[in-house]
$ cat coords-v8.pdb   # PDB, C-alpha atoms
ATOM      1  CA  ASN A   1     -26.430-104.570 -82.346
ATOM      2  CA  CYS A   2     -25.803-101.358 -80.424
ATOM      3  CA  SER A   3     -22.164-100.854 -79.552
ATOM      4  CA  ASP A   4     -23.041 -99.527 -76.120
ATOM      5  CA  SER A   5     -25.943 -99.408 -73.682
ATOM      6  CA  ALA A   6     -29.345 -98.977 -75.317
ATOM      7  CA  LEU A   7     -32.966 -98.028 -74.779
ATOM      8  CA  CYS A   8     -35.544-100.050 -76.745
ATOM      9  CA  ILE A   9     -39.068 -98.666 -77.109
ATOM     10  CA  MET A  10     -41.621-101.144 -78.439
ATOM     11  CA  PRO A  11     -45.388-101.445 -78.038
ATOM     12  CA  THR A  12     -46.958-103.791 -75.529
ATOM     13  CA  GLY A  13     -46.863-107.303 -76.970
ATOM     14  CA  GLY A  14     -44.036-106.361 -79.352
ATOM     15  CA  GLY A  15     -41.488-108.807 -77.909
ATOM     16  CA  LYS A  16     -39.397-106.735 -75.493
ATOM     17  CA  SER A  17     -39.099-109.585 -72.988
ATOM     18  CA  LEU A  18     -38.154-112.078 -75.701
ATOM     19  CA  ILE A  19     -35.332-109.765 -76.792
ATOM     20  CA  TYR A  20     -33.788-109.616 -73.358
ATOM     21  CA  TYR A  21     -34.323-113.360 -72.785
ATOM     22  CA  PHE A  22     -32.439-113.997 -76.015
ATOM     23  CA  LEU A  23     -29.677-111.464 -75.284
ATOM     24  CA  ALA A  24     -29.137-112.847 -71.778
ATOM     25  CA  LEU A  25     -29.028-116.452 -72.985
ATOM     26  CA  LEU A  26     -26.299-115.558 -75.487
ATOM     27  CA  GLN A  27     -24.086-113.963 -72.827
ATOM     28  CA  PRO A  28     -21.279-115.950 -71.184
ATOM     29  CA  GLY A  29     -22.195-115.021 -67.609
ATOM     30  CA  PRO A  30     -25.216-114.051 -65.555
ATOM     31  CA  SER A  31     -27.379-111.094 -66.450
ATOM     32  CA  ILE A  32     -29.247-108.940 -63.966
ATOM     33  CA  ILE A  33     -32.838-108.026 -64.733
ATOM     34  CA  VAL A  34     -34.227-105.093 -62.743
ATOM     35  CA  ALA A  35     -38.038-105.054 -62.704
ATOM     36  CA  PRO A  36     -40.206-102.532 -60.839
ATOM     37  CA  THR A  37     -42.035-104.977 -58.541
ATOM     38  CA  ARG A  38     -41.867-108.524 -57.221
ATOM     39  CA  VAL A  39     -45.276-109.147 -58.829
ATOM     40  CA  LEU A  40     -43.850-108.313 -62.259
ATOM     41  CA  ILE A  41     -40.832-110.498 -61.529
ATOM     42  CA  ALA A  42     -43.106-113.431 -60.605
ATOM     43  CA  ASP A  43     -45.027-112.924 -63.844
ATOM     44  CA  GLN A  44     -41.828-112.849 -65.927
ATOM     45  CA  ILE A  45     -40.488-115.986 -64.234
ATOM     46  CA  ARG A  46     -43.789-117.796 -64.806
ATOM     47  CA  ASN A  47     -43.703-116.842 -68.497
ATOM     48  CA  MET A  48     -40.082-117.906 -68.860
ATOM     49  CA  ARG A  49     -40.697-121.301 -67.286
ATOM     50  CA  ILE A  50     -44.098-122.142 -68.776
ATOM     51  CA  LEU A  51     -43.984-120.496 -72.206
ATOM     52  CA  HIS A  52     -40.271-120.701 -73.031
ATOM     53  CA  GLN A  53     -38.946-123.575 -70.878
ATOM     54  CA  ILE A  54     -36.241-121.331 -69.418
ATOM     55  CA  ASP A  55     -35.423-122.391 -65.878
ATOM     56  CA  HIS A  56     -31.978-120.874 -65.310
ATOM     57  CA  ILE A  57     -33.544-118.176 -63.108
ATOM     58  CA  GLN A  58     -32.763-116.752 -59.695
ATOM     59  CA  THR A  59     -34.331-114.091 -57.542
ATOM     60  CA  ILE A  60     -32.570-112.510 -54.618
ATOM     61  CA  SER A  61     -35.026-112.756 -51.777
ATOM     62  CA  THR A  62     -35.444-110.130 -49.121
ATOM     63  CA  ASN A  63     -34.357-112.752 -46.568
ATOM     64  CA  ASP A  64     -31.101-113.330 -48.446
ATOM     65  CA  LEU A  65     -30.310-109.630 -48.307
ATOM     66  CA  TYR A  66     -31.641-108.529 -44.958
ATOM     67  CA  GLU A  67     -31.200-111.623 -42.777
ATOM     68  CA  LYS A  68     -28.194-113.438 -44.214
ATOM     69  CA  GLY A  69     -26.485-110.392 -45.681
ATOM     70  CA  HIS A  70     -25.084-112.436 -48.574
ATOM     71  CA  PHE A  71     -26.063-114.450 -51.616
ATOM     72  CA  SER A  72     -24.468-116.169 -54.580
ATOM     73  CA  LEU A  73     -25.189-115.801 -58.267
ATOM     74  CA  GLY A  74     -25.479-119.153 -60.006
ATOM     75  CA  HIS A  75     -27.985-118.636 -62.822
ATOM     76  CA  LYS A  76     -28.231-116.861 -66.193
ATOM     77  CA  PHE A  77     -31.123-114.623 -65.100
ATOM     78  CA  ILE A  78     -30.917-112.771 -61.780
ATOM     79  CA  PHE A  79     -34.106-110.807 -61.016
ATOM     80  CA  LEU A  80     -33.947-107.804 -58.689
ATOM     81  CA  THR A  81     -36.077-104.798 -57.808
ATOM     82  CA  PRO A  82     -34.804-101.202 -57.508
ATOM     83  CA  SER A  83     -35.176-101.456 -53.722
ATOM     84  CA  ASP A  84     -32.808-104.476 -53.745
ATOM     85  CA  PHE A  85     -30.203-102.158 -55.277
ATOM     86  CA  GLN A  86     -30.294-100.039 -52.119
ATOM     87  CA  HIS A  87     -29.006-102.819 -49.851
ATOM     88  CA  TYR A  88     -25.303-102.712 -48.999
ATOM     89  CA  ALA A  89     -24.801-106.477 -49.439
ATOM     90  CA  LEU A  90     -26.123-106.363 -52.987
ATOM     91  CA  ILE A  91     -24.047-103.306 -53.836
ATOM     92  CA  TYR A  92     -20.887-104.987 -52.476
ATOM     93  CA  LYS A  93     -21.636-108.102 -54.524
ATOM     94  CA  VAL A  94     -22.289-106.043 -57.665
ATOM     95  CA  ILE A  95     -19.001-104.157 -57.119
ATOM     96  CA  GLU A  96     -17.138-107.466 -56.816
ATOM     97  CA  LEU A  97     -18.813-108.980 -59.889
ATOM     98  CA  ASN A  98     -18.320-105.754 -61.852
ATOM     99  CA  GLN A  99     -14.590-105.575 -61.049
ATOM    100  CA  ASN A 100     -14.177-109.188 -62.146
ATOM    101  CA  ARG A 101     -16.335-108.522 -65.220
ATOM    102  CA  MET A 102     -18.693-111.333 -64.298
ATOM    103  CA  ILE A 103     -21.977-109.543 -65.067
ATOM    104  CA  SER A 104     -22.757-109.939 -68.751
ATOM    105  CA  GLY A 105     -25.584-107.423 -68.966
ATOM    106  CA  ILE A 106     -28.095-105.451 -66.957
ATOM    107  CA  PHE A 107     -31.636-105.338 -68.315
ATOM    108  CA  LEU A 108     -34.004-102.668 -67.033
ATOM    109  CA  ASP A 109     -37.561-103.843 -67.615
ATOM    110  CA  GLU A 110     -40.166-101.061 -67.696
ATOM    111  CA  ILE A 111     -37.333 -98.536 -67.768
ATOM    112  CA  HIS A 112     -39.753 -95.601 -67.947
ATOM    113  CA  THR A 113     -40.097 -96.035 -64.167
ATOM    114  CA  ILE A 114     -36.549 -94.732 -63.746
ATOM    115  CA  SER A 115     -37.728 -91.351 -65.036
ATOM    116  CA  ASN A 116     -38.279 -88.506 -62.582
ATOM    117  CA  TRP A 117     -42.061 -88.950 -62.545
ATOM    118  CA  SER A 118     -41.771 -92.184 -60.561
ATOM    119  CA  HIS A 119     -39.505 -90.823 -57.817
ATOM    120  CA  ASP A 120     -42.423 -89.338 -55.929
ATOM    121  CA  PHE A 121     -43.913 -92.738 -55.154
ATOM    122  CA  ARG A 122     -40.840 -94.987 -55.498
ATOM    123  CA  PRO A 123     -37.750 -93.204 -54.119
ATOM    124  CA  ASP A 124     -35.613 -96.302 -54.819
ATOM    125  CA  TYR A 125     -35.631 -95.311 -58.471
ATOM    126  CA  LEU A 126     -33.862 -92.059 -57.627
ATOM    127  CA  MET A 127     -30.717 -93.961 -56.657
ATOM    128  CA  LEU A 128     -30.976 -96.754 -59.233
ATOM    129  CA  SER A 129     -29.282 -94.950 -62.122
ATOM    130  CA  PHE A 130     -26.547 -93.626 -59.805
ATOM    131  CA  ASN A 131     -25.892 -97.089 -58.347
ATOM    132  CA  LEU A 132     -25.829 -98.722 -61.768
ATOM    133  CA  LEU A 133     -23.459 -96.187 -63.308
ATOM    134  CA  THR A 134     -21.230 -96.089 -60.229
ATOM    135  CA  PHE A 135     -21.056 -99.750 -59.201
ATOM    136  CA  ALA A 136     -21.806-101.604 -62.458
ATOM    137  CA  ASP A 137     -19.964 -99.641 -65.119
ATOM    138  CA  HIS A 138     -18.628-102.620 -67.128
ATOM    139  CA  PRO A 139     -21.742-104.431 -68.348
ATOM    140  CA  ARG A 140     -24.014-102.848 -70.909
ATOM    141  CA  LEU A 141     -27.357-101.514 -69.743
ATOM    142  CA  TYR A 142     -30.383-102.434 -71.846
ATOM    143  CA  GLY A 143     -33.637-100.648 -71.109
ATOM    144  CA  PHE A 144     -37.046-101.745 -72.394
ATOM    145  CA  THR A 145     -40.387 -99.953 -72.277
ATOM    146  CA  ALA A 146     -43.605 -99.373 -74.145
ATOM    147  CA  THR A 147     -44.319 -96.197 -72.186
ATOM    148  CA  ALA A 148     -41.969 -93.361 -73.044
ATOM    149  CA  ASN A 149     -42.844 -89.931 -74.343
ATOM    150  CA  TYR A 150     -40.177 -87.429 -75.381
ATOM    151  CA  ARG A 151     -39.728 -86.051 -71.844
ATOM    152  CA  VAL A 152     -39.275 -89.535 -70.349
ATOM    153  CA  VAL A 153     -36.809 -90.613 -73.066
ATOM    154  CA  LYS A 154     -34.793 -87.433 -72.540
ATOM    155  CA  ASP A 155     -34.719 -88.025 -68.779
ATOM    156  CA  ILE A 156     -33.616 -91.660 -69.203
ATOM    157  CA  ARG A 157     -30.891 -90.583 -71.661
ATOM    158  CA  ILE A 158     -29.524 -88.078 -69.158
ATOM    159  CA  GLN A 159     -29.706 -90.397 -66.140
ATOM    160  CA  LEU A 160     -27.991 -93.319 -67.886
ATOM    161  CA  SER A 161     -25.653 -91.242 -70.099
ATOM    162  CA  LEU A 162     -27.058 -92.739 -73.309
ATOM    163  CA  SER A 163     -26.184 -91.360 -76.735
ATOM    164  CA  ASP A 164     -28.842 -90.361 -79.262
ATOM    165  CA  ASP A 165     -28.076 -93.350 -81.480
ATOM    166  CA  SER A 166     -28.593 -95.782 -78.594
ATOM    167  CA  ILE A 167     -32.376 -95.302 -78.669
ATOM    168  CA  VAL A 168     -33.950 -98.096 -80.689
ATOM    169  CA  LEU A 169     -37.467 -98.047 -82.149
ATOM    170  CA  PRO A 170     -37.454-101.324 -84.117
ATOM    171  CA  ILE A 171     -41.144-101.307 -85.059
ATOM    172  CA  GLU A 172     -43.795 -98.678 -85.543
ATOM    173  CA  LEU A 173     -45.602 -97.762 -82.329
ATOM    174  CA  LYS A 174     -48.990 -97.537 -84.049
ATOM    175  CA  ARG A 175     -50.980-100.734 -83.370
ATOM    176  CA  THR A 176     -54.005-101.782 -85.380
ATOM    177  CA  ASP A 177     -54.059-105.467 -84.433
ATOM    178  CA  ILE A 178     -55.346-105.112 -80.855
ATOM    179  CA  SER A 179     -58.936-105.928 -80.028
ATOM    180  CA  PHE A 180     -61.025-106.355 -76.913
ATOM    181  CA  GLU A 181     -63.659-109.019 -76.370
ATOM    182  CA  TYR A 182     -65.834-109.818 -73.355
ATOM    183  CA  THR A 183     -66.854-113.468 -72.934
ATOM    184  CA  PRO A 184     -68.903-114.442 -69.858
ATOM    185  CA  VAL A 185     -68.164-117.822 -68.255
ATOM    186  CA  HIS A 186     -70.065-119.784 -65.641
ATOM    187  CA  HIS A 187     -67.215-121.870 -64.176
ATOM    188  CA  ASP A 188     -63.486-121.501 -63.652
ATOM    189  CA  ASN A 189     -62.922-124.422 -66.064
ATOM    190  CA  GLU A 190     -64.472-122.417 -68.904
ATOM    191  CA  PHE A 191     -62.170-119.495 -68.133
TER     192      PHE A 191
END
$ encode --input "coords-v8.pdb" --output "structure tokens"
Amino acid sequence: NCSDSALCIMPTGGGKSLIYYFLALLQPGPSIIVAPTRVLIADQIRNMRILHQIDHIQTISTNDLYEKGHFSLGHKFIFLTPSDFQHYALIYKVIELNQNRMISGIFLDEIHTISNWSHDFRPDYLMLSFNLLTFADHPRLYGFTATANYRVVKDIRIQLSLSDDSIVLPIELKRTDISFEYTPVHHDNEF
């Protein structure tokens, strides 16, 4: 219910992905989900299809960007990586969609990676906040993470121009319901 862009900090397993699935489904147009890696994107898509029967999903492949130089957006969920946001064809498309107000929302999964600490090993993150604020200024930005100390939250607030009241902590971060169990198996079927 934030009136502007927001940062949501919830523990692992707290339902961050379900929140952005729900928010994106309620929007009239497509939503862009920026996830740190293609592996995480594949995992999210698998969960959406298998666990939630959501199939209105699209990824922009490297071939679409680098070989064809174009793509079309025809689904509710458009998954991208920060490195995708460095390609001119994607930026031109985002500018066009932004001007026509056709992007309903931008969801930043694992938003803590946008913080300065990640720039050393993933320079694409350095430009992500600039590109989002410059070329996609109409849709709301929603960031989700379970990993954000005070320094990281402050950095994210500055980079994305978030207000103090746009930081949401809907549940207590202290978890007592997590356990670990080791069970040996002899065959893949048992696993």
$ resolve_selection --input "coords-v8.pdb" --expression "the PyMOL selection byres ((chain A and resi 142) around 12)" --output "ChimeraX atom specification"
/A:1-9,16-17,19-21,23-24,31-34,104-111,132,139-141,143-145,156-157,160,162,166-168
$ closest_atom_pairs --input "coords-v8.pdb" --of "segment 72-171 of chain A" --to "segment 44-58 of chain A" --cutoff "8 Å" --atoms "all atoms listed in the file" --output "CSV"
residue,atom,partner,partner_atom,distance
A:Leu73,CA,A:Gln58,CA,7.8
A:Gly74,CA,A:Gln58,CA,7.7
A:His75,CA,A:His56,CA,5.2
A:Lys76,CA,A:His56,CA,5.6
A:Phe77,CA,A:Ile57,CA,4.7
A:Ile78,CA,A:Gln58,CA,4.9
A:Phe79,CA,A:Gln58,CA,6.2
$ atom_distance --input "coords-v8.pdb" --atom1 "atom CA of Phe85 of chain A" --atom2 "atom CA of Ile41 of chain A"
14.9 Å
$ atom_distance --input "coords-v8.pdb" --atom1 "atom CA of Leu169 of chain A" --atom2 "atom CA of Val152 of chain A"
14.7 Å
$ atom_distance --input "coords-v8.pdb" --atom1 "atom CA of Arg38 of chain A" --atom2 "atom CA of Thr113 of chain A"
14.4 Å
$ resolve_selection --input "coords-v8.pdb" --expression "the PyMOL selection byres ((chain A and resi 95) around 10)" --output "PyMOL selection string"
chain A and resi 89-94+96-101+131-132+134-137
$ closest_residue --input "coords-v8.pdb" --among "A:Leu26, A:Ser115, A:Ser129, A:Ala146" --to "Gly14 of chain A" --atoms "all atoms listed in the file"
A:Ala146
$ axis_aligned_box --input "coords-v8.pdb" --around "segment 7-17 of chain A" --padding-each-side "5 Å" --output "lines of an AutoDock Vina configuration file"
center_x = -40.0
center_y = -103.8
center_z = -76.2
size_x = 24.0
size_y = 21.6
size_z = 16.4
$ closest_residue --input "coords-v8.pdb" --among "A:Gly29, A:Ile60, A:Ser163, A:Arg151" --to "Met102 of chain A" --atoms "all atoms listed in the file"
A:Gly29
$ closest_residue --input "coords-v8.pdb" --among "A:Asn189, A:Thr147, A:Gln159, A:Thr183" --to "Met10 of chain A" --atoms "all atoms listed in the file"
A:Thr147
